[in-house]
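The structure under discussion appears below in the form of structure tokens.
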Amino acid sequence: MSPKKLFIIPPAVTPANFADAMQQAIALELATIPTYLSTYYSINRAQDQDALYQILVGQLSIIPGILPADIPILAQELKVDILVYANKSAALIMSVAIEEMLHLALSSNVKQAIVQQAPDLLSISKVLNFPTQLDGHEPEFPINTAKLTLNQLSTFLQIESPAPFVFPPDNGLVDMQVVPYQTIGAFYNDIIACVEANYPGPYAPRPQLLPPAPQKARPYYSQNSVNTVYYDRNHNPQFASTDDGQELIGVVDAASAIAAMQEIQHQGEGNIQPDQTRLVFDPVTKMPIPLPVVDGQVHFRPGDYDENGELSHFAKFMEIYSLGGYYQQKFAAIPGLTDFFSYFVINQGPNPTQAVYDASGNEALALCSALGNAIFTYILLMIETCYYQEESTQFAVFMYGIHKSMIWLLSGVGNNINKYNYANGGQTYLGSLTFEYFPFENQLSSPKAQIMDLVNKLALADPKNWGWLTKPQYDNYWPSLPDVGLDHSVVPNVPQIP
Amino acid sequence: MADTPTIVKELHVCMGLNSCKANGYSGTNSCAGMGDCATINHPCHTLNECKGQGGCGLFGTTEEFCFPSQNDCRYQGSCGSPILSSRFVTQGPNKGNSVWQLARQRFEALRAGTNQPVGTPPGGPFGPSNTYVNELRGTTGLDYSSCGQSGSRHCSYLADPAERAMAADARVLVMEITSAAEMKETLSTCPPRVY
């Protein structure tokens, strides 16, 4: 399937196309979230370490020449390699996904303030199908929803690259000719220049997702959670993000609008600075050249860190990429072992679709996927709705609805849809979320009612795995979602707004 | 037959955080702060039924994490209950430090504010272990740590399960001692509540 173009970044941002440009910036931030989350859900973060150890012992035991006394030592070392890398890569990807959600809110705040229009997330979702690509980004490249591989991490590096890059030509020779380019950072620079020249503010107040302020707004955003934590080889907790004050920014004038977009640039690609790692492709393998790994540690350059000691999204992905390649080579050098990623990555297919699941004849898989799409679309609807509501209602929608949906509902489906398998293109894969738009408008009932209908059907189709969904003691999961309409109305349901 | 009034226990999130006599899990405690375990259970953020049931530490904001079990309303709880001694704060200036100890500090401060006594928590000064909760509730090997996909804090990667458990105990104990030593700083660096 050829990549579908999501949008075209204009050659210049002007007042005439500023509204479109901001909608495209929002689309750009939104497009990254499914691809990062799909890869996140492919990782088995905390598997049974004793079972893994036994698998490794079994594989090492058939290697000629290895001393029996050495097998437990080597198996233990390899086990820890797998467990720590799996947990760390997942934590870093989740930390980036969380910050992409912040970026989505920041760009939406800018549009709401300057254009005086709420973000239209559902329209973006309707055309967001995978594989996609960021048109106007030069060079163009496909973006997939796919499991964790070095190829997928190469895509992540291309998305977040702070500086322009070129692909090696097919003849294997490096083409040093400068080509025109456009990066995400350059696009935001164009927007900032347009704001500086044309939109000094102050802007008319409209609802935004705001940072905490005494006696008024409540806190929404948190950089870290237990899902951005991983454990080092000594099982001490490590935190993927620093508490560096990166936060929601209320946009009221040009200065705050520019601050919001600079925060996106800063966290995403990192500010371009001297002695910083660049994305360079190996002319032979066509893969990014990794950073050196010594004793299991990636050696960054000084410019890869910000002033708070945190790595940008690009640098985080470069760390996972470099370590992944290091361990892949290490495992490949030991006969009897399988590919490094096979020990902890679920075999999910690239760019799955609801249509493929529907055609599979597996009703539970199709319902599970539909429920995942419905809650993903509902999350976007709830975010949109926040831009139509005053602060108190925002809090109810955001804290109860969106947070619950992300942590429990979407993750619950995303982490369990792999119980089902399906065939596609002669291959058998495990199920994974498709992140497609769910057409709530096709039925008269409310979006929440449609979600609950899917919940009930799934519980009936697979009572062993999903029967709990409809038991009264679990009413604080799906039934307690706020009731948000396509017209952005919020019905005071359960829970009552405090 | 006349209706018999139902006496219900105070709902609280963990050992040593009860306000009244006989309001621990087993109902045998003689004083506030001496309850042996939580009277409610829920696994995580936004899933609590009532005010004061947020266990905190794993999902939420810095402000929420600084006031464990003091959420104002249903579904505002930051994380699951009970709060094991191994649970640590994942966000804010006190990242890595004990949630239970901070909850206990907040609880003692509330009691002190109204000149009410507080007893010694029965499971030790650092909060309940998973073994303690299992033994108390008559369960075997259940994981009461709740929340999250990154795995249990109370673990290690050693090959031998017995050595692994000992290493996990030692590692959590270091965190508990460090958290106690840094409690004054923890309280000073917590931002004020904005909700």
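If you're wondering about the labels, chains in the structure tokens are A, B, ... by order shown, residues count from 1 in each chain, ligands from 1 in order shown.
With only C-alpha atoms taken into account, chain A has Ala46, Pro214, Arg218, Ser222, Asn224, Ser225, Val226, Asn227, Tyr230, His235 and Asn476 of chain A at most 6 Å from chain B.
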Worksheet item: Near Leu365 in chain A, within 12 Å and counting only C-alpha atoms, which residues show up once chain neighbours fewer than 2 positions away are dropped, as a ChimeraX atom specification?
Response: /A:352-363,367-372,413-414,416-423,429-434,454,457-459,461-462,465-466
Worksheet item: Please, which residues of range 362-482 of chain A, numbered as in this document, come out strand (DSSP E or B) from DSSP, as a ChimeraX atom specification?
Response: /A:421-424,427-430
Take the residues from that selection and write them out as a short mmCIF file (atom, residue, chain, number, x, y, z; two decimals), in the first residue's frame, keeping N, CA and C atoms.
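See again_29.cif below for the written result:
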data_model
loop_
_atom_site.label_atom_id
_atom_site.label_comp_id
_atom_site.auth_asym_id
_atom_site.auth_seq_id
_atom_site.Cartn_x
_atom_site.Cartn_y
_atom_site.Cartn_z
N ASN A 421 -5.34 -13.73 16.76
CA ASN A 421 -4.49 -13.67 15.58
C ASN A 421 -5.33 -13.64 14.32
N TYR A 422 -4.69 -13.29 13.24
CA TYR A 422 -5.38 -13.19 11.95
C TYR A 422 -4.34 -13.38 10.85
N ALA A 423 -4.84 -13.70 9.67
CA ALA A 423 -3.95 -13.90 8.52
C ALA A 423 -4.12 -12.74 7.55
N ASN A 424 -3.00 -12.32 7.00
CA ASN A 424 -3.04 -11.25 6.00
C ASN A 424 -1.81 -11.39 5.10
N GLN A 427 0.63 -14.21 5.79
CA GLN A 427 1.31 -14.22 7.08
C GLN A 427 0.27 -14.23 8.20
N THR A 428 0.65 -14.80 9.33
CA THR A 428 -0.20 -14.76 10.51
C THR A 428 0.37 -13.77 11.51
N TYR A 429 -0.51 -12.90 11.98
CA TYR A 429 -0.08 -11.86 12.93
C TYR A 429 -0.97 -11.88 14.15
N LEU A 430 -0.49 -11.24 15.20
CA LEU A 430 -1.33 -11.00 16.36
C LEU A 430 -2.02 -9.65 16.19
#
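Here CA of Val294 in chain A stands at a distance of 20.0 Å from CA of Phe341 in chain A.
The space between CA of Glu319 in chain A and CA of Lys286 in chain A spans 18.4 Å.
In terms of minimum interatomic distance to Ser89 in chain A, A:Thr228 ranks closest within A:Thr228, A:Gln329, A:Ser241, A:Ser405, counting only C-alpha atoms.
Here CA of Lys316 in chain A and CA of Leu148 in chain A stand 14.4 Å from one another.
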Discussion item. Residues of range 302-429 of chain A classed as alpha helix (DSSP H) by DSSP on the backbone are to be reported as a PyMOL selection string.
Written reply: chain A and resi 313-332+354-359+363-386+391-395+403-404+411-414
List the neighbours of Gln152 in chain A out to 10 Å using only C-alpha atoms; skip same-chain residues closer than 4 positions along the sequence, and give me the result as a compact mmCIF listing (two decimals) with N, CA and C atoms, in the first residue's frame.
# COMPACT_ATOMS: atom_id res chain seq x y z
N THR A 35 1.35 6.16 15.68
CA THR A 35 2.51 5.35 15.30
C THR A 35 3.39 5.06 16.51
N TYR A 36 3.54 6.04 17.39
CA TYR A 36 4.31 5.78 18.61
C TYR A 36 3.59 4.78 19.52
N THR A 39 3.66 1.10 18.32
CA THR A 39 4.95 0.46 18.61
C THR A 39 5.08 0.17 20.10
N ILE A 143 5.23 6.56 7.04
CA ILE A 143 5.07 6.40 8.48
C ILE A 143 4.05 5.29 8.71
N ASN A 144 4.46 4.26 9.44
CA ASN A 144 3.61 3.09 9.65
C ASN A 144 3.19 2.96 11.10
N THR A 145 2.05 2.30 11.31
CA THR A 145 1.78 1.74 12.63
C THR A 145 2.37 0.34 12.59
N ALA A 146 3.35 0.09 13.43
CA ALA A 146 4.09 -1.16 13.32
C ALA A 146 4.78 -1.50 14.63
N LYS A 147 5.22 -2.73 14.72
CA LYS A 147 5.91 -3.20 15.92
C LYS A 147 7.31 -2.59 16.01
N LEU A 148 7.93 -2.76 17.17
CA LEU A 148 9.27 -2.23 17.40
C LEU A 148 10.29 -3.00 16.56
N PHE A 156 10.99 6.87 13.27
CA PHE A 156 10.86 7.82 14.39
C PHE A 156 11.97 8.88 14.33
N LEU A 157 13.18 8.44 14.00
CA LEU A 157 14.29 9.39 13.92
C LEU A 157 14.06 10.40 12.80
N GLN A 158 13.50 9.93 11.71
CA GLN A 158 13.24 10.84 10.58
C GLN A 158 12.17 11.87 10.96
N TYR A 321 17.48 3.23 19.33
CA TYR A 321 17.97 2.68 18.06
C TYR A 321 19.38 2.13 18.21
Practice prompt. Fewer than 2 positions away in the same chain doesn't count, so skip those; otherwise give me all residues within 8 Å of Lys79 in chain A, counting only C-alpha atoms, as a PyMOL selection string.
Written response: chain A and resi 49+52-53+56+75-77+81-83
